[in-house]
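Chemist: Please find data_12.cif (mmCIF, C-alpha atoms; chains and numbers go by the auth columns) on the next line:
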```
data_final
loop_
_atom_site.group_PDB
_atom_site.id
_atom_site.type_symbol
_atom_site.label_atom_id
_atom_site.label_comp_id
_atom_site.label_asym_id
_atom_site.label_seq_id
_atom_site.Cartn_x
_atom_site.Cartn_y
_atom_site.Cartn_z
_atom_site.B_iso_or_equiv
_atom_site.auth_seq_id
_atom_site.auth_asym_id
ATOM 1 C CA MET A 1 143.246 120.368 89.289 0.00 1 G
ATOM 2 C CA LYS A 2 144.044 122.656 92.196 0.00 2 G
ATOM 3 C CA ASN A 3 141.736 125.416 93.328 0.00 3 G
ATOM 4 C CA ARG A 4 141.840 128.402 95.646 0.00 4 G
ATOM 5 C CA VAL A 5 138.096 128.668 96.206 0.00 5 G
ATOM 6 C CA LYS A 6 138.348 128.130 99.962 0.00 6 G
ATOM 7 C CA VAL A 7 141.024 130.833 100.250 0.00 7 G
ATOM 8 C CA ALA A 8 138.983 133.276 98.154 0.00 8 G
ATOM 9 C CA ARG A 9 135.899 132.499 100.201 0.00 9 G
ATOM 10 C CA ALA A 10 137.794 133.163 103.423 0.00 10 G
ATOM 11 C CA GLU A 11 139.074 136.490 102.059 0.00 11 G
ATOM 12 C CA TYR A 12 135.492 137.564 101.395 0.00 12 G
ATOM 13 C CA ASP A 13 134.313 136.105 104.702 0.00 13 G
ATOM 14 C CA TYR A 14 131.704 134.014 102.912 0.00 14 G
ATOM 15 C CA THR A 15 130.357 130.748 104.286 0.00 15 G
ATOM 16 C CA GLN A 16 129.821 127.855 101.912 0.00 16 G
ATOM 17 C CA GLU A 17 126.103 128.564 102.208 0.00 17 G
ATOM 18 C CA ASP A 18 126.615 132.234 101.204 0.00 18 G
ATOM 19 C CA LEU A 19 128.615 131.274 98.147 0.00 19 G
ATOM 20 C CA ALA A 20 126.163 128.524 97.212 0.00 20 G
ATOM 21 C CA LYS A 21 123.310 131.012 97.390 0.00 21 G
ATOM 22 C CA ALA A 22 125.195 133.561 95.266 0.00 22 G
ATOM 23 C CA LEU A 23 125.907 130.935 92.608 0.00 23 G
ATOM 24 C CA GLY A 24 122.540 129.150 92.735 0.00 24 G
ATOM 25 C CA VAL A 25 123.986 125.754 93.670 0.00 25 G
ATOM 26 C CA SER A 26 123.855 123.542 96.749 0.00 26 G
ATOM 27 C CA ARG A 27 126.264 123.853 99.693 0.00 27 G
ATOM 28 C CA GLN A 28 127.443 120.295 99.034 0.00 28 G
ATOM 29 C CA THR A 29 128.532 121.324 95.536 0.00 29 G
ATOM 30 C CA ILE A 30 130.731 124.101 96.959 0.00 30 G
ATOM 31 C CA SER A 31 132.174 121.659 99.500 0.00 31 G
ATOM 32 C CA HIS A 32 132.992 119.126 96.764 0.00 32 G
ATOM 33 C CA ILE A 33 134.605 121.807 94.570 0.00 33 G
ATOM 34 C CA GLU A 34 136.789 122.990 97.453 0.00 34 G
ATOM 35 C CA LYS A 35 137.887 119.425 98.217 0.00 35 G
ATOM 36 C CA GLY A 36 138.685 118.858 94.529 0.00 36 G
ATOM 37 C CA LYS A 37 136.106 116.074 94.297 0.00 37 G
ATOM 38 C CA TYR A 38 134.052 117.912 91.701 0.00 38 G
ATOM 39 C CA VAL A 39 135.285 120.007 88.784 0.00 39 G
ATOM 40 C CA PRO A 40 132.782 122.779 88.021 0.00 40 G
ATOM 41 C CA SER A 41 131.562 123.617 84.524 0.00 41 G
ATOM 42 C CA THR A 42 133.038 126.609 82.678 0.00 42 G
ATOM 43 C CA LEU A 43 129.857 128.541 83.402 0.00 43 G
ATOM 44 C CA LEU A 44 130.029 127.913 87.145 0.00 44 G
ATOM 45 C CA ALA A 45 133.779 128.678 87.228 0.00 45 G
ATOM 46 C CA LEU A 46 133.143 131.991 85.435 0.00 46 G
ATOM 47 C CA LYS A 47 130.318 132.851 87.843 0.00 47 G
ATOM 48 C CA MET A 48 132.609 132.064 90.759 0.00 48 G
ATOM 49 C CA ALA A 49 135.347 134.268 89.305 0.00 49 G
ATOM 50 C CA HIS A 50 132.776 137.052 88.902 0.00 50 G
ATOM 51 C CA VAL A 51 131.682 136.763 92.550 0.00 51 G
ATOM 52 C CA PHE A 52 135.302 136.929 93.759 0.00 52 G
ATOM 53 C CA LYS A 53 136.230 139.626 91.192 0.00 53 G
ATOM 54 C CA ARG A 54 139.235 137.706 89.868 0.00 54 G
ATOM 55 C CA SER A 55 140.062 135.570 86.842 0.00 55 G
ATOM 56 C CA VAL A 56 139.215 131.882 86.552 0.00 56 G
ATOM 57 C CA ASN A 57 142.966 131.183 86.329 0.00 57 G
ATOM 58 C CA ASP A 58 143.417 132.664 89.789 0.00 58 G
ATOM 59 C CA LEU A 59 140.854 130.273 91.192 0.00 59 G
ATOM 60 C CA PHE A 60 141.614 127.095 89.230 0.00 60 G
ATOM 61 C CA THR A 61 144.982 125.812 88.038 0.00 61 G
ATOM 62 C CA LEU A 62 145.994 122.613 86.319 0.00 62 G
ATOM 63 C CA ASP A 63 148.267 120.115 88.064 0.00 63 G
ATOM 64 C CA GLU A 64 151.659 119.549 86.464 0.00 64 G
ATOM 65 C CA GLU A 65 150.657 116.165 85.016 0.00 65 G
ATOM 66 C CA GLU A 66 147.408 117.629 83.633 0.00 66 G
ATOM 67 C CA THR A 67 149.172 120.483 81.814 0.00 67 G
ATOM 68 C CA PRO A 68 149.461 119.651 78.098 0.00 68 G
ATOM 69 C CA GLU A 69 152.875 119.924 76.455 0.00 69 G
ATOM 70 C CA SER A 70 153.194 122.959 74.202 0.00 70 G
ATOM 71 C CA MET B 1 120.834 116.630 80.873 0.00 1 S
ATOM 72 C CA LYS B 2 118.002 119.116 80.762 0.00 2 S
ATOM 73 C CA THR B 3 116.332 119.986 84.041 0.00 3 S
ATOM 74 C CA SER B 4 113.073 120.444 82.102 0.00 4 S
ATOM 75 C CA PHE B 5 112.867 116.644 81.889 0.00 5 S
ATOM 76 C CA LEU B 6 112.652 116.479 85.684 0.00 6 S
ATOM 77 C CA LEU B 7 109.405 116.558 87.635 0.00 7 S
ATOM 78 C CA PRO B 8 108.488 119.470 89.950 0.00 8 S
ATOM 79 C CA HIS B 9 110.080 119.490 93.409 0.00 9 S
ATOM 80 C CA GLN B 10 106.628 119.269 95.059 0.00 10 S
ATOM 81 C CA LEU B 11 106.296 115.634 93.930 0.00 11 S
ATOM 82 C CA LEU B 12 109.444 114.508 95.781 0.00 12 S
ATOM 83 C CA LYS B 13 107.877 114.166 99.228 0.00 13 S
ATOM 84 C CA PRO B 14 104.734 112.286 98.056 0.00 14 S
ATOM 85 C CA GLY B 15 107.042 109.954 96.119 0.00 15 S
ATOM 86 C CA LEU B 16 109.214 109.214 99.152 0.00 16 S
ATOM 87 C CA ILE B 17 106.148 108.640 101.356 0.00 17 S
ATOM 88 C CA LEU B 18 104.280 106.414 98.874 0.00 18 S
ATOM 89 C CA LEU B 19 107.327 104.383 97.811 0.00 19 S
ATOM 90 C CA PRO B 20 107.639 102.118 100.905 0.00 20 S
ATOM 91 C CA ILE B 21 103.852 101.620 100.985 0.00 21 S
ATOM 92 C CA PHE B 22 103.605 100.434 97.368 0.00 22 S
ATOM 93 C CA LEU B 23 106.876 98.490 97.671 0.00 23 S
ATOM 94 C CA ALA B 24 105.487 96.547 100.658 0.00 24 S
ATOM 95 C CA LEU B 25 102.152 96.055 98.862 0.00 25 S
ATOM 96 C CA GLY B 26 103.913 94.842 95.714 0.00 26 S
ATOM 97 C CA LEU B 27 106.073 92.341 97.616 0.00 27 S
ATOM 98 C CA ALA B 28 103.038 91.090 99.550 0.00 28 S
ATOM 99 C CA CYS B 29 101.124 90.580 96.285 0.00 29 S
ATOM 100 C CA LEU B 30 104.033 88.846 94.559 0.00 30 S
ATOM 101 C CA HIS B 31 105.061 86.465 97.326 0.00 31 S
ATOM 102 C CA PHE B 32 101.988 85.989 99.527 0.00 32 S
ATOM 103 C CA ASP B 33 99.147 86.516 96.991 0.00 33 S
ATOM 104 C CA PHE B 34 97.901 89.332 99.195 0.00 34 S
ATOM 105 C CA GLU B 35 94.653 90.906 97.976 0.00 35 S
ATOM 106 C CA LEU B 36 92.596 93.799 99.297 0.00 36 S
ATOM 107 C CA ALA B 37 88.959 92.694 99.346 0.00 37 S
ATOM 108 C CA PHE B 38 87.518 96.061 98.299 0.00 38 S
ATOM 109 C CA LEU B 39 89.566 95.940 95.091 0.00 39 S
ATOM 110 C CA SER B 40 87.729 92.849 93.837 0.00 40 S
ATOM 111 C CA ILE B 41 85.584 93.311 90.765 0.00 41 S
ATOM 112 C CA ASN B 42 83.330 91.025 88.826 0.00 42 S
ATOM 113 C CA GLY B 43 84.805 90.986 85.361 0.00 43 S
ATOM 114 C CA SER B 44 83.170 90.057 82.136 0.00 44 S
ATOM 115 C CA ASP B 45 84.754 89.370 78.772 0.00 45 S
ATOM 116 C CA GLY B 46 85.639 92.976 78.471 0.00 46 S
ATOM 117 C CA PHE B 47 88.376 94.882 76.766 0.00 47 S
ATOM 118 C CA ILE B 48 90.769 95.027 79.710 0.00 48 S
ATOM 119 C CA PHE B 49 89.612 92.394 82.205 0.00 49 S
ATOM 120 C CA ASP B 50 88.816 88.841 81.194 0.00 50 S
ATOM 121 C CA GLY B 51 87.419 86.135 83.413 0.00 51 S
ATOM 122 C CA ASN B 52 84.801 86.037 86.097 0.00 52 S
ATOM 123 C CA LYS B 53 86.570 87.569 89.053 0.00 53 S
ATOM 124 C CA GLN B 54 89.490 89.923 89.254 0.00 54 S
ATOM 125 C CA ASN B 55 91.309 91.635 92.065 0.00 55 S
ATOM 126 C CA LEU B 56 93.105 94.843 91.253 0.00 56 S
ATOM 127 C CA THR B 57 95.546 94.828 94.210 0.00 57 S
ATOM 128 C CA ASN B 58 98.580 93.758 92.178 0.00 58 S
ATOM 129 C CA GLU B 59 97.756 96.200 89.368 0.00 59 S
ATOM 130 C CA ILE B 60 97.406 99.053 91.859 0.00 60 S
ATOM 131 C CA ALA B 61 100.659 97.995 93.565 0.00 61 S
ATOM 132 C CA GLY B 62 102.554 97.844 90.251 0.00 62 S
ATOM 133 C CA ILE B 63 101.281 101.172 88.955 0.00 63 S
ATOM 134 C CA GLY B 64 101.687 102.849 92.359 0.00 64 S
ATOM 135 C CA LEU B 65 105.229 101.554 92.690 0.00 65 S
ATOM 136 C CA ILE B 66 106.341 102.800 89.284 0.00 66 S
ATOM 137 C CA ILE B 67 104.723 106.217 89.851 0.00 67 S
ATOM 138 C CA SER B 68 106.183 106.635 93.350 0.00 68 S
ATOM 139 C CA LEU B 69 109.611 105.548 92.074 0.00 69 S
ATOM 140 C CA ALA B 70 109.390 108.132 89.294 0.00 70 S
ATOM 141 C CA PHE B 71 108.292 110.849 91.747 0.00 71 S
ATOM 142 C CA ALA B 72 111.066 110.012 94.230 0.00 72 S
ATOM 143 C CA GLY B 73 113.768 109.563 91.600 0.00 73 S
ATOM 144 C CA PHE B 74 113.025 112.211 89.016 0.00 74 S
ATOM 145 C CA SER B 75 111.680 115.155 90.998 0.00 75 S
ATOM 146 C CA LYS B 76 113.885 118.217 91.168 0.00 76 S
ATOM 147 C CA LEU B 77 115.843 118.711 94.377 0.00 77 S
ATOM 148 C CA LYS B 78 115.465 121.937 96.350 0.00 78 S
ATOM 149 C CA HIS B 79 118.840 122.992 94.928 0.00 79 S
ATOM 150 C CA GLU B 80 119.069 121.178 91.623 0.00 80 S
ATOM 151 C CA ASP B 81 122.459 122.051 90.114 0.00 81 S
ATOM 152 C CA GLU B 82 125.050 120.717 87.687 0.00 82 S
ATOM 153 C CA ARG B 83 126.559 118.307 90.262 0.00 83 S
ATOM 154 C CA SER B 84 123.178 116.720 91.048 0.00 84 S
ATOM 155 C CA LEU B 85 122.521 116.335 87.309 0.00 85 S
ATOM 156 C CA LEU B 86 125.896 114.620 86.886 0.00 86 S
ATOM 157 C CA ILE B 87 125.087 112.270 89.789 0.00 87 S
ATOM 158 C CA ARG B 88 121.714 111.518 88.172 0.00 88 S
ATOM 159 C CA LEU B 89 123.382 110.592 84.888 0.00 89 S
ATOM 160 C CA GLU B 90 126.048 108.442 86.558 0.00 90 S
ATOM 161 C CA SER B 91 123.437 106.719 88.729 0.00 91 S
ATOM 162 C CA LEU B 92 121.264 105.963 85.692 0.00 92 S
ATOM 163 C CA LEU B 93 124.241 104.399 83.899 0.00 93 S
ATOM 164 C CA PHE B 94 125.195 102.426 87.022 0.00 94 S
ATOM 165 C CA ALA B 95 121.616 101.154 87.388 0.00 95 S
ATOM 166 C CA PHE B 96 121.541 100.154 83.709 0.00 96 S
ATOM 167 C CA TYR B 97 124.788 98.146 83.993 0.00 97 S
ATOM 168 C CA PHE B 98 123.655 96.604 87.293 0.00 98 S
ATOM 169 C CA ASN B 99 120.396 95.507 85.692 0.00 99 S
ATOM 170 C CA ALA B 100 122.205 94.152 82.629 0.00 100 S
ATOM 171 C CA CYS B 101 124.356 91.973 84.928 0.00 101 S
ATOM 172 C CA LEU B 102 121.245 90.747 86.765 0.00 102 S
ATOM 173 C CA ILE B 103 119.539 89.888 83.459 0.00 103 S
ATOM 174 C CA VAL B 104 122.539 87.727 82.524 0.00 104 S
ATOM 175 C CA VAL B 105 122.533 86.027 85.944 0.00 105 S
ATOM 176 C CA GLY B 106 118.726 85.658 85.862 0.00 106 S
ATOM 177 C CA THR B 107 118.774 84.122 82.389 0.00 107 S
ATOM 178 C CA LEU B 108 121.270 81.503 83.533 0.00 108 S
ATOM 179 C CA ALA B 109 119.841 80.858 86.999 0.00 109 S
ATOM 180 C CA PHE B 110 116.043 80.912 86.569 0.00 110 S
ATOM 181 C CA TYR B 111 113.851 78.771 84.369 0.00 111 S
ATOM 182 C CA GLY B 112 110.116 78.483 83.813 0.00 112 S
ATOM 183 C CA PHE B 113 107.899 80.311 86.268 0.00 113 S
ATOM 184 C CA GLY B 114 110.887 81.423 88.360 0.00 114 S
ATOM 185 C CA PHE B 115 112.092 83.468 85.409 0.00 115 S
ATOM 186 C CA ILE B 116 108.786 85.385 85.394 0.00 116 S
ATOM 187 C CA TYR B 117 109.398 86.270 89.069 0.00 117 S
ATOM 188 C CA ALA B 118 112.908 87.392 88.190 0.00 118 S
ATOM 189 C CA LEU B 119 111.571 89.529 85.327 0.00 119 S
ATOM 190 C CA THR B 120 109.093 91.193 87.675 0.00 120 S
ATOM 191 C CA TYR B 121 112.001 92.249 89.891 0.00 121 S
ATOM 192 C CA LEU B 122 114.051 93.347 86.888 0.00 122 S
ATOM 193 C CA ILE B 123 111.314 95.780 85.843 0.00 123 S
ATOM 194 C CA TYR B 124 111.595 97.755 89.072 0.00 124 S
ATOM 195 C CA LEU B 125 115.215 97.204 90.126 0.00 125 S
ATOM 196 C CA PRO B 126 116.814 99.779 87.776 0.00 126 S
ATOM 197 C CA PHE B 127 114.616 102.468 89.338 0.00 127 S
ATOM 198 C CA LEU B 128 115.442 101.300 92.867 0.00 128 S
ATOM 199 C CA VAL B 129 119.189 101.027 92.244 0.00 129 S
ATOM 200 C CA TYR B 130 119.215 104.452 90.568 0.00 130 S
ATOM 201 C CA LEU B 131 117.288 105.945 93.475 0.00 131 S
ATOM 202 C CA LEU B 132 119.512 104.412 96.166 0.00 132 S
ATOM 203 C CA ARG B 133 122.782 105.382 94.473 0.00 133 S
ATOM 204 C CA PHE B 134 121.536 108.905 93.703 0.00 134 S
ATOM 205 C CA TRP B 135 120.420 109.599 97.280 0.00 135 S
ATOM 206 C CA ILE B 136 123.556 108.111 98.827 0.00 136 S
ATOM 207 C CA LEU B 137 125.810 110.276 96.644 0.00 137 S
ATOM 208 C CA ILE B 138 123.725 113.433 96.952 0.00 138 S
ATOM 209 C CA ARG B 139 123.659 113.140 100.761 0.00 139 S
ATOM 210 C CA ARG B 140 127.429 112.714 100.983 0.00 140 S
ATOM 211 C CA GLY B 141 128.390 116.238 102.018 0.00 141 S
#
```
Give the structure from this file in structure tokens form.

Modeler:
Amino acid sequence: MKNRVKVARAEYDYTQEDLAKALGVSRQTISHIEKGKYVPSTLLALKMAHVFKRSVNDLFTLDEEETPES
Amino acid sequence: MKTSFLLPHQLLKPGLILLPIFLALGLACLHFDFELAFLSINGSDGFIFDGNKQNLTNEIAGIGLIISLAFAGFSKLKHEDERSLLIRLESLLFAFYFNACLIVVGTLAFYGFGFIYALTYLIYLPFLVYLLRFWILIRRG
């Protein structure tokens, strides 16, 4: 899964610590999400989308091989 | 995993401080028959203690070790979140499998009194393995 959390954070001029505080998680969790080492829960993804005032789809997208065939 | 099953964050530091003390005391009791003189009691044929003389050092070490392990391992972090809960669950499973492997090895390798020693270790090792793996992964920033 790809994510644009780091880009969104930069646009808002937030540090990892700022975002972590806004979401009620640790800074390490934000770091792991940005690196793609940790996939957040739906709840955390929705909270993140709310903070950045954009949809979850703008922040997180499936890789080609992860996308199910329709 | 519910965070309500975790202990308050205030117990984390006492757990981390007491753990090496009780671990050292436990190892000293197990391998060197270490006893603290002031913990000696004169027992009678009572409900808990049988025999003429008892020393409570190993009991104190065992109980202290399990309590400090629980405090250090199951107290909430300052920022307890979904990632730390996932690491807790994975570490618990890892510790369970690790212990299962050691039980198999211990059953094959130790006999008689040596097996009792091995069992003593196997009581505490899942906690220790869980604790080590959890802290290593949580610290990895």

Chemist: Can you list, as JSON, numbers by chain, the residues that the PyMOL selection byres ((chain G) within 10 of (chain S)) selects here?

Modeler: {"G": [20, 21, 23, 24, 25, 26, 27, 28, 29, 30, 31, 32, 33, 38, 39, 40, 41, 44]}

Chemist: Mind giving me the straight-line distance from atom CA of Ile116 of chain S to atom CA of Leu30 of chain S in Å, one decimal?

Modeler: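 Going from atom CA of Ile116 of chain S over to atom CA of Leu30 of chain S, I get 10.9 Å.
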
Chemist: What does the distance from atom CA of Ala45 of chain G to atom CA of Val7 of chain G come to in Å, to one decimal?

Modeler: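 Atom-to-atom, atom CA of Ala45 of chain G and atom CA of Val7 of chain G are spaced 15.1 Å apart.
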
Chemist: Please compute the atom CA of Ala100 of chain S-atom CA of Val129 of chain S distance, one decimal, in Å.

Modeler: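 Atom CA of Ala100 of chain S sits 12.2 Å away from atom CA of Val129 of chain S.
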
Chemist: Box along x, y and z, 5 Å on every side, all listed atoms of segment 70-82 of chain S inside: centre and edge lengths in Å to one decimal, as AutoDock Vina command-line options.

Modeler:
```
--center_x 116.7 --center_y 115.6 --center_z 92.0 --size_x 26.8 --size_y 24.9 --size_z 18.7
```

Chemist: Which residues are near segment 10-26 of chain S? Cut-off 9 Å, only C-alpha atoms, ignore same chain within fewer than 3 positions. Put them as a list in words.

Modeler: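 The contact residues come out as Leu7, Cys29, Leu30, His31, Phe34, Thr57, Asn58, Glu59, Ile60, Ala61, Gly62, Ile63, Gly64, Leu65, Ile66, Ile67, Ser68, Leu69, Ala70, Phe71, Ala72, Gly73, Phe74, Ser75, Lys76 and Leu77 of chain S.
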
Chemist: Just the residues within 10 Å of Ala49 of chain G, please, counting only C-alpha atoms, with nothing from its chain fewer than 4 positions along; format it as a ChimeraX atom specification.

Modeler: /G:5,8,43-45,53-60

Chemist: With all atoms listed in the file as the basis for distance, which of S:Phe127, S:Tyr117, S:Phe134, S:Phe110 is at the shortest distance from Arg88 of chain S?

Modeler: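 With all atoms listed in the file as the atom set, the closest residue is S:Phe134.
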
Chemist: Find the residues near Asn99 of chain S: any atom within 7 Å, counting only C-alpha atoms, skip ones fewer than 3 places away on the same chain, and give them as a list in words.

Modeler: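 Those residues are Ala95, Phe96, Leu102, Ile103, Leu122 and Pro126 of chain S.
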